[in-house]
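Enquirer: Data file query.txt (compact mmCIF, C-alpha atoms and all ligand atoms) is appended below.
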```txt
# COMPACT_ATOMS: atom_id res chain seq x y z
CA MET A 1 -26.68 4.21 -15.69
CA ASN A 2 -27.80 7.14 -17.79
CA ARG A 3 -28.16 9.70 -15.02
CA SER A 4 -29.63 12.34 -17.33
CA GLN A 5 -32.75 10.14 -17.78
CA ILE A 6 -33.44 10.02 -14.04
CA GLU A 7 -35.63 12.58 -12.36
CA PRO A 8 -33.42 14.86 -10.12
CA GLY A 9 -35.31 14.01 -6.90
CA THR A 10 -34.76 10.28 -7.49
CA LEU A 11 -31.11 10.85 -8.37
CA GLU A 12 -30.60 12.66 -5.08
CA VAL A 13 -32.08 9.69 -3.21
CA LEU A 14 -29.97 7.20 -5.16
CA ASP A 15 -26.77 9.13 -4.48
CA LEU A 16 -27.50 9.33 -0.76
CA ALA A 17 -28.26 5.60 -0.66
CA LEU A 18 -25.02 4.80 -2.53
CA ASP A 19 -23.00 6.94 -0.14
CA LEU A 20 -24.60 5.48 3.00
CA ALA A 21 -24.25 1.88 1.79
CA SER A 22 -20.59 2.51 1.07
CA ARG A 23 -19.99 4.09 4.50
CA ALA A 24 -21.82 1.29 6.36
CA GLY A 25 -19.98 -1.27 4.22
CA ALA A 26 -16.65 0.27 5.27
CA ILE A 27 -17.58 -0.34 8.93
CA GLN A 28 -18.40 -3.97 8.13
CA ARG A 29 -15.12 -4.44 6.27
CA ALA A 30 -13.16 -2.97 9.17
CA ARG A 31 -14.94 -5.12 11.79
CA TYR A 32 -14.98 -8.37 9.77
CA GLU A 33 -13.25 -11.19 11.68
CA THR A 34 -12.73 -9.05 14.78
CA ASP A 35 -14.15 -9.65 18.26
CA LEU A 36 -17.88 -8.97 18.19
CA ASP A 37 -20.59 -8.60 20.81
CA VAL A 38 -23.08 -11.17 19.46
CA ARG A 39 -26.58 -11.33 20.98
CA THR A 40 -29.77 -13.17 20.10
CA LYS A 41 -33.15 -11.74 19.08
CA SER A 42 -36.30 -13.75 18.17
CA ALA A 43 -34.61 -17.16 18.58
CA SER A 44 -31.30 -18.66 19.69
CA ILE A 45 -30.16 -18.66 16.03
CA ASP A 46 -31.33 -15.09 15.26
CA LEU A 47 -28.26 -12.94 15.90
CA VAL A 48 -27.45 -9.25 16.12
CA THR A 49 -24.06 -7.63 16.63
CA GLU A 50 -22.97 -4.13 17.55
CA VAL A 51 -21.98 -3.72 13.89
CA ASP A 52 -25.63 -4.20 12.77
CA ARG A 53 -26.62 -1.44 15.20
CA GLU A 54 -23.71 0.86 14.34
CA CYS A 55 -24.42 0.59 10.60
CA GLU A 56 -28.13 1.22 11.16
CA ALA A 57 -27.43 4.27 13.34
CA LEU A 58 -25.13 5.74 10.71
CA ILE A 59 -27.68 5.27 7.92
CA VAL A 60 -30.76 6.37 9.87
CA GLU A 61 -29.12 9.46 11.38
CA ALA A 62 -27.81 10.59 8.00
CA ILE A 63 -31.26 10.22 6.37
CA ARG A 64 -32.95 12.05 9.25
CA GLU A 65 -30.45 14.87 8.90
CA ALA A 66 -30.60 15.14 5.09
CA ARG A 67 -34.28 14.31 4.57
CA PRO A 68 -36.33 14.83 7.75
CA GLU A 69 -39.60 14.45 5.82
CA ASP A 70 -38.92 10.86 4.74
CA GLY A 71 -40.23 7.70 6.42
CA ILE A 72 -37.71 5.10 7.58
CA LEU A 73 -38.26 1.41 8.31
CA ALA A 74 -35.06 -0.15 9.65
CA GLU A 75 -34.56 -3.71 10.91
CA GLU A 76 -33.00 -2.99 14.29
CA GLY A 77 -35.73 -0.51 15.22
CA GLY A 78 -33.85 2.72 14.58
CA GLY A 79 -36.37 4.07 12.06
CA HIS A 80 -39.74 5.74 12.37
CA ASP A 81 -41.99 4.04 9.87
CA GLU A 82 -44.27 6.68 8.44
CA SER A 83 -45.81 4.77 5.56
CA ALA A 84 -47.78 7.82 4.46
CA ARG A 85 -44.65 9.88 3.70
CA ALA A 86 -43.89 10.34 -0.02
CA TRP A 87 -40.42 8.81 0.29
CA ARG A 88 -39.83 5.78 2.48
CA TRP A 89 -36.48 4.11 3.16
CA ILE A 90 -36.40 0.40 3.99
CA ILE A 91 -33.08 -0.61 5.48
CA ASP A 92 -31.30 -3.82 6.35
CA PRO A 93 -28.07 -2.44 7.79
CA LEU A 94 -26.35 -5.85 7.65
CA ASP A 95 -28.00 -8.65 5.71
CA GLY A 96 -26.22 -11.89 6.52
CA THR A 97 -25.56 -11.38 10.22
CA THR A 98 -25.01 -15.10 10.89
CA ASN A 99 -22.32 -15.11 8.21
CA PHE A 100 -20.76 -11.92 9.57
CA ALA A 101 -20.70 -13.28 13.13
CA HIS A 102 -18.98 -16.47 11.94
CA GLY A 103 -16.48 -14.78 9.62
CA PHE A 104 -18.18 -16.30 6.54
CA PRO A 105 -17.55 -13.72 3.81
CA ARG A 106 -21.06 -13.10 2.52
CA PHE A 107 -23.07 -10.17 3.81
CA CYS A 108 -24.12 -6.73 2.64
CA VAL A 109 -25.91 -3.46 3.28
CA SER A 110 -29.38 -3.24 1.70
CA ILE A 111 -31.26 0.03 1.16
CA GLY A 112 -34.53 0.15 -0.77
CA VAL A 113 -36.45 3.39 -1.30
CA GLU A 114 -40.12 3.71 -2.21
CA PHE A 115 -41.81 6.77 -3.67
CA GLN A 116 -45.56 6.88 -3.03
CA GLY A 117 -45.53 3.19 -2.19
CA GLU A 118 -43.68 2.09 -5.33
CA ARG A 119 -40.15 0.62 -5.27
CA THR A 120 -38.09 3.38 -6.89
CA ALA A 121 -34.40 3.13 -5.97
CA ALA A 122 -32.26 0.34 -4.56
CA VAL A 123 -28.68 -0.21 -3.40
CA VAL A 124 -27.10 -3.43 -2.16
CA TYR A 125 -23.42 -3.21 -1.27
CA ASP A 126 -21.11 -6.18 -0.64
CA PRO A 127 -18.16 -4.62 1.19
CA LEU A 128 -15.72 -7.52 0.89
CA LEU A 129 -16.03 -7.87 -2.88
CA ASP A 130 -16.62 -4.11 -3.20
CA GLU A 131 -19.66 -4.92 -5.35
CA ASN A 132 -22.23 -2.20 -5.66
CA PHE A 133 -25.59 -3.36 -7.01
CA HIS A 134 -28.08 -0.60 -7.65
CA ALA A 135 -31.22 0.15 -9.62
CA VAL A 136 -33.68 2.92 -10.37
CA ARG A 137 -37.13 2.11 -11.68
CA GLY A 138 -37.01 2.44 -15.47
CA ALA A 139 -33.23 3.02 -15.56
CA GLY A 140 -31.99 -0.57 -15.26
CA ALA A 141 -30.01 -2.53 -12.68
CA TRP A 142 -26.27 -2.06 -12.42
CA LEU A 143 -23.21 -3.59 -10.79
CA GLY A 144 -20.87 -0.62 -10.70
CA SER A 145 -20.86 0.56 -14.30
CA ARG A 146 -22.04 -2.77 -15.77
CA GLN A 147 -25.70 -3.14 -16.64
CA LEU A 148 -27.20 -6.33 -15.25
CA HIS A 149 -29.36 -8.84 -17.05
CA VAL A 150 -30.75 -12.09 -15.72
CA SER A 151 -29.53 -15.41 -17.14
CA ASP A 152 -31.01 -17.08 -20.21
CA THR A 153 -31.33 -20.52 -18.58
CA ARG A 154 -34.58 -22.17 -19.62
CA ASP A 155 -34.21 -25.64 -18.17
CA LEU A 156 -34.46 -26.15 -14.41
CA GLY A 157 -32.01 -29.03 -14.79
CA GLN A 158 -29.36 -26.47 -15.78
CA ALA A 159 -30.27 -23.93 -13.12
CA LEU A 160 -28.40 -22.84 -10.02
CA VAL A 161 -31.01 -21.92 -7.41
CA ALA A 162 -30.75 -20.45 -3.92
CA THR A 163 -33.02 -20.38 -0.89
CA GLY A 164 -32.93 -19.67 2.83
CA PHE A 165 -34.52 -20.82 6.08
CA ALA A 166 -36.28 -18.67 8.64
CA TYR A 167 -35.07 -18.26 12.23
CA ASP A 168 -38.02 -20.35 13.51
CA VAL A 169 -36.78 -23.42 11.60
CA HIS A 170 -36.03 -25.37 14.80
CA GLU A 171 -39.63 -25.10 16.00
CA SER A 172 -41.84 -24.59 12.95
CA LEU A 173 -43.25 -27.34 10.77
CA ASP A 174 -43.48 -24.77 7.97
CA ASP A 175 -39.72 -25.09 7.52
CA ASN A 176 -39.15 -24.95 3.72
CA LEU A 177 -37.64 -28.46 3.72
CA ALA A 178 -40.21 -30.02 1.37
CA ARG A 179 -39.67 -27.23 -1.20
CA PHE A 180 -35.91 -27.54 -0.71
CA ALA A 181 -36.09 -31.26 -1.52
CA GLN A 182 -38.27 -30.67 -4.57
CA VAL A 183 -35.90 -28.11 -6.08
CA LEU A 184 -32.80 -30.09 -5.09
CA LYS A 185 -34.07 -33.07 -7.07
CA ALA A 186 -34.71 -30.96 -10.17
CA ALA A 187 -32.07 -28.22 -10.38
CA ARG A 188 -28.38 -28.42 -11.28
CA GLY A 189 -27.44 -27.07 -7.89
CA ILE A 190 -28.83 -25.39 -4.82
CA ARG A 191 -27.23 -22.86 -2.46
CA ARG A 192 -28.04 -21.47 0.99
CA ASP A 193 -25.68 -18.55 1.22
CA GLY A 194 -27.27 -16.57 4.04
CA SER A 195 -28.00 -13.16 2.53
CA ALA A 196 -31.39 -12.70 0.92
CA ALA A 197 -30.45 -9.31 -0.54
CA LEU A 198 -27.34 -10.72 -2.24
CA ASP A 199 -29.28 -13.78 -3.44
CA LEU A 200 -31.68 -11.43 -5.24
CA CYS A 201 -28.80 -9.42 -6.72
CA TYR A 202 -27.20 -12.64 -7.92
CA VAL A 203 -30.41 -13.52 -9.77
CA ALA A 204 -30.24 -10.06 -11.38
CA ALA A 205 -26.60 -10.64 -12.34
CA GLY A 206 -27.26 -14.10 -13.82
CA ARG A 207 -25.06 -15.79 -11.19
CA LEU A 208 -28.17 -17.55 -9.90
CA ASP A 209 -31.10 -18.51 -12.09
CA ALA A 210 -33.70 -18.39 -9.32
CA TYR A 211 -34.16 -17.84 -5.59
CA TRP A 212 -37.04 -18.33 -3.20
CA GLU A 213 -37.62 -17.85 0.49
CA PHE A 214 -40.52 -17.55 2.93
CA LYS A 215 -40.95 -15.61 6.19
CA LEU A 216 -38.66 -12.78 5.14
CA HIS A 217 -39.14 -9.15 6.17
CA PRO A 218 -39.54 -5.96 4.13
CA TRP A 219 -35.89 -4.95 4.67
CA ASP A 220 -34.61 -8.27 3.28
CA VAL A 221 -36.26 -7.75 -0.10
CA ALA A 222 -36.98 -4.02 -0.57
CA ALA A 223 -33.83 -3.35 -2.61
CA GLY A 224 -33.32 -6.76 -4.19
CA CYS A 225 -36.81 -6.96 -5.73
CA LEU A 226 -36.29 -3.79 -7.76
CA ILE A 227 -32.80 -4.90 -8.80
CA VAL A 228 -34.20 -8.21 -10.14
CA GLU A 229 -37.09 -6.51 -11.93
CA GLU A 230 -34.81 -3.92 -13.52
CA ALA A 231 -32.56 -6.74 -14.76
CA ALA A 232 -35.60 -8.21 -16.58
CA GLY A 233 -36.23 -10.87 -13.96
CA ARG A 234 -39.52 -11.77 -12.33
CA VAL A 235 -40.44 -11.53 -8.65
CA THR A 236 -43.73 -12.90 -7.28
CA ASN A 237 -45.22 -14.68 -4.30
CA ALA A 238 -45.54 -18.47 -4.41
CA ALA A 239 -48.83 -18.26 -6.31
CA GLY A 240 -47.40 -16.01 -9.04
CA GLY A 241 -49.02 -12.84 -7.63
CA PRO A 242 -47.39 -9.70 -6.23
CA VAL A 243 -44.79 -10.06 -3.47
CA PRO A 244 -46.55 -9.13 -0.20
CA PRO A 245 -45.29 -5.80 1.25
CA ASN A 246 -44.02 -7.59 4.36
CA GLY A 247 -41.68 -9.67 2.17
CA ASP A 248 -43.12 -12.85 3.63
CA GLU A 249 -43.07 -14.90 0.44
CA ILE A 250 -40.76 -14.38 -2.49
CA VAL A 251 -39.92 -16.29 -5.64
CA ALA A 252 -37.44 -14.58 -7.98
CA SER A 253 -36.18 -15.89 -11.29
CA ASN A 254 -34.84 -15.04 -14.71
CA ALA A 255 -38.52 -15.10 -15.85
CA HIS A 256 -37.99 -18.11 -18.17
CA LEU A 257 -37.86 -20.49 -15.19
CA HIS A 258 -40.61 -18.87 -13.19
CA ALA A 259 -43.39 -21.32 -13.97
CA ALA A 260 -41.08 -24.28 -13.28
CA ILE A 261 -39.97 -22.89 -9.92
CA LEU A 262 -43.53 -22.00 -8.89
CA ASP A 263 -44.50 -25.56 -9.71
CA ARG A 264 -41.84 -26.82 -7.27
CA MET A 265 -43.20 -24.54 -4.54
CA LYS A 266 -46.37 -26.66 -4.32
CA THR A 267 -46.16 -28.93 -1.29
C1 LIG A 301 -31.34 -13.09 6.98
C2 LIG A 301 -30.61 -13.43 5.71
C3 LIG A 301 -30.78 -14.89 5.38
C4 LIG A 301 -32.23 -15.30 5.31
C5 LIG A 301 -32.93 -14.92 6.60
C6 LIG A 301 -32.79 -13.43 6.83
P1 LIG A 301 -30.32 -11.13 8.51
O1 LIG A 301 -31.22 -11.71 7.28
O2 LIG A 301 -31.07 -12.64 4.63
O3 LIG A 301 -30.20 -15.23 4.15
O4 LIG A 301 -32.31 -16.68 5.11
O5 LIG A 301 -34.27 -15.29 6.46
O6 LIG A 301 -33.49 -13.06 7.98
O7 LIG A 301 -30.95 -11.59 9.77
O8 LIG A 301 -28.95 -11.63 8.33
O9 LIG A 301 -30.44 -9.65 8.29
CA CA A 302 -31.89 -9.55 6.46
CA CA A 303 -30.03 -7.67 9.12
```
What does this structure look like when you write it as structure tokens?
Expert:
Amino acid sequence: MNRSQIEPGTLEVLDLALDLASRAGAIQRARYETDLDVRTKSASIDLVTEVDRECEALIVEAIREARPEDGILAEEGGGHDESARAWRWIIDPLDGTTNFAHGFPRFCVSIGVEFQGERTAAVVYDPLLDENFHAVRGAGAWLGSRQLHVSDTRDLGQALVATGFAYDVHESLDDNLARFAQVLKAARGIRRDGSAALDLCYVAAGRLDAYWEFKLHPWDVAAGCLIVEEAAGRVTNAAGGPVPPNGDEIVASNAHLHAAILDRMKT
């Protein structure tokens, strides 16, 4: 990333986000496959561990200390969402909690930062692979020192696509299964890896060609959306319009496949 091109205020935010993601990631690495206190939230399959809360506390307290003027929206409730503040941090302290609780090695820290309501800086850190995805609006998306670019796949039949299922899947009829079947029958392969933030980063890195999910939350997508866009990918809702601020509906792709994926979203 060419740091000299980035406005100093944004650079300061990026550096803080990088540092906090790395520190929270170190906690996750240390606690991976250890005894955890696992509790449930909105449903019997919606989990939270003390590591989610510890990571969130570390991140939120450090932002409050360094930048008391900023708004913070954090998944486990540790923030104080002041949407009117110029800078607003949107934090998923541990994206992939089900994986983490089961010792399945796919989870991350996700920190997205908006300036005046616009996605401006993003960091997603995978502590086990030590992969640091980050982006600044207008300055590209990066994995460490490597600039990211989405894949060039133009045929859905050659595409690897990911999705996810919401925690109300046991009860809700709006369960994503029809869309899953439609993409499964058309794509080369389909994955359900359990971390929305990493799924988006993998689209940016060209490891996935597309990803969609419904019923997400702002913290699942705040960082990943900017990372995809800065890697020349496309992120929309299921109708091809802007992603709703609550993250409820997201279709991300390498841009070439966008129309084909949107077509498969019709049920
Ligand atoms: C979940 C993961 C998962 C997605 C769920 C999310 P969490 O986040 O991103 O991949 O399918 O919809 O809620 O609960 O692990 O932070
Ligand atoms: Ca999440
Ligand atoms: Ca989480």
Enquirer: Can you work out which residues are within 8 Å of ligand LIG 301 (chain A), considering only C-alpha atoms and all ligand atoms, and then hand them over as a short mmCIF file (atom, residue, chain, number, x, y, z; two decimals) with C-alpha atoms, in the frame of the given file?
Expert:
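Dumped to selection.cif:
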```
data_model
loop_
_atom_site.label_atom_id
_atom_site.label_comp_id
_atom_site.auth_asym_id
_atom_site.auth_seq_id
_atom_site.Cartn_x
_atom_site.Cartn_y
_atom_site.Cartn_z
CA ASP A 46 -31.33 -15.09 15.26
CA LEU A 47 -28.26 -12.94 15.90
CA VAL A 48 -27.45 -9.25 16.12
CA GLU A 75 -34.56 -3.71 10.91
CA ASP A 92 -31.30 -3.82 6.35
CA PRO A 93 -28.07 -2.44 7.79
CA LEU A 94 -26.35 -5.85 7.65
CA ASP A 95 -28.00 -8.65 5.71
CA GLY A 96 -26.22 -11.89 6.52
CA THR A 97 -25.56 -11.38 10.22
CA THR A 98 -25.01 -15.10 10.89
CA ASN A 99 -22.32 -15.11 8.21
CA PHE A 107 -23.07 -10.17 3.81
CA THR A 163 -33.02 -20.38 -0.89
CA GLY A 164 -32.93 -19.67 2.83
CA PHE A 165 -34.52 -20.82 6.08
CA ALA A 166 -36.28 -18.67 8.64
CA TYR A 167 -35.07 -18.26 12.23
CA ARG A 192 -28.04 -21.47 0.99
CA ASP A 193 -25.68 -18.55 1.22
CA GLY A 194 -27.27 -16.57 4.04
CA SER A 195 -28.00 -13.16 2.53
CA ALA A 196 -31.39 -12.70 0.92
CA ALA A 197 -30.45 -9.31 -0.54
CA ASP A 199 -29.28 -13.78 -3.44
CA GLU A 213 -37.62 -17.85 0.49
CA PHE A 214 -40.52 -17.55 2.93
CA LYS A 215 -40.95 -15.61 6.19
CA LEU A 216 -38.66 -12.78 5.14
CA HIS A 217 -39.14 -9.15 6.17
CA ASP A 220 -34.61 -8.27 3.28
#
```
Enquirer: Would you compute the distance between CA of Gly247 in chain A and CA of Arg3 in chain A? Give it in Å to one decimal.
Expert: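 Value for the CA of Gly247 in chain A-CA of Arg3 in chain A distance: 29.2 Å.
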Enquirer: Select, from A:Glu7, A:Arg119, A:Leu156, A:His258, the residue with the minimum atom-to-atom distance to Gln182 in chain A, counting only C-alpha atoms.
Expert: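 Smallest distance to Gln182 in chain A is found for A:Leu156.
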Enquirer: Select, from A:Pro218, A:Gly103, A:Gly233, A:Gly71, the residue with the minimum atom-to-atom distance to ligand CA 303 (chain A), counting all atoms listed in the file.
Expert: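 Residue with the minimum atom-to-atom distance to ligand CA 303 (chain A): A:Pro218.
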Enquirer: In terms of the shortest atom-to-atom distance over only C-alpha atoms and all ligand atoms, which of A:Ala205, A:Val150, A:Ile91, A:Val243 is closest to ligand CA 303 (chain A)?
Expert: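 Of all the options, A:Ile91 lies closest to ligand CA 303 (chain A).
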Enquirer: Got a sec: who's within 8 Å of Gly140 in chain A, counting only C-alpha atoms, leaving out chain neighbours fewer than 5 positions off, as a list in words?
Expert: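 What passes the distance filter is Met1, Ala135, Gln147, Leu148, Ile227, Glu230 and Ala231 of chain A.
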Enquirer: What is the distance, in Å and to one decimal place, between CA of Ile261 in chain A and CA of Val183 in chain A?
Expert: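 Result for CA of Ile261 in chain A versus CA of Val183 in chain A: 7.7 Å, one decimal.
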Enquirer: With only C-alpha atoms as the atoms that count, which of A:Ala21, A:Met265, A:Ala238, A:Val228 lies nearest to Trp142 in chain A?
Expert: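 Counting only C-alpha atoms, the residue closest to Trp142 in chain A is A:Val228.
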Enquirer: What would the list of residues within 12 Å of (-35.8, 0.1, -10.4) (file frame) look like as a ChimeraX atom specification, if all atoms listed in the file are what count?
Expert: /A:1,6,10-11,14,112-115,118-123,133-142,148,204,222-233
Enquirer: What is the CA of Val109 in chain A to CA of Ala24 in chain A distance in Å?
Expert: 7.0 Å
Enquirer: Using all atoms listed in the file, which of the listed residues (A:Ala84, A:Ala186, A:Leu198, A:Leu16) sits closest to Asp155 in chain A?
Expert: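 Result for the nearest residue to Asp155 in chain A: A:Ala186.
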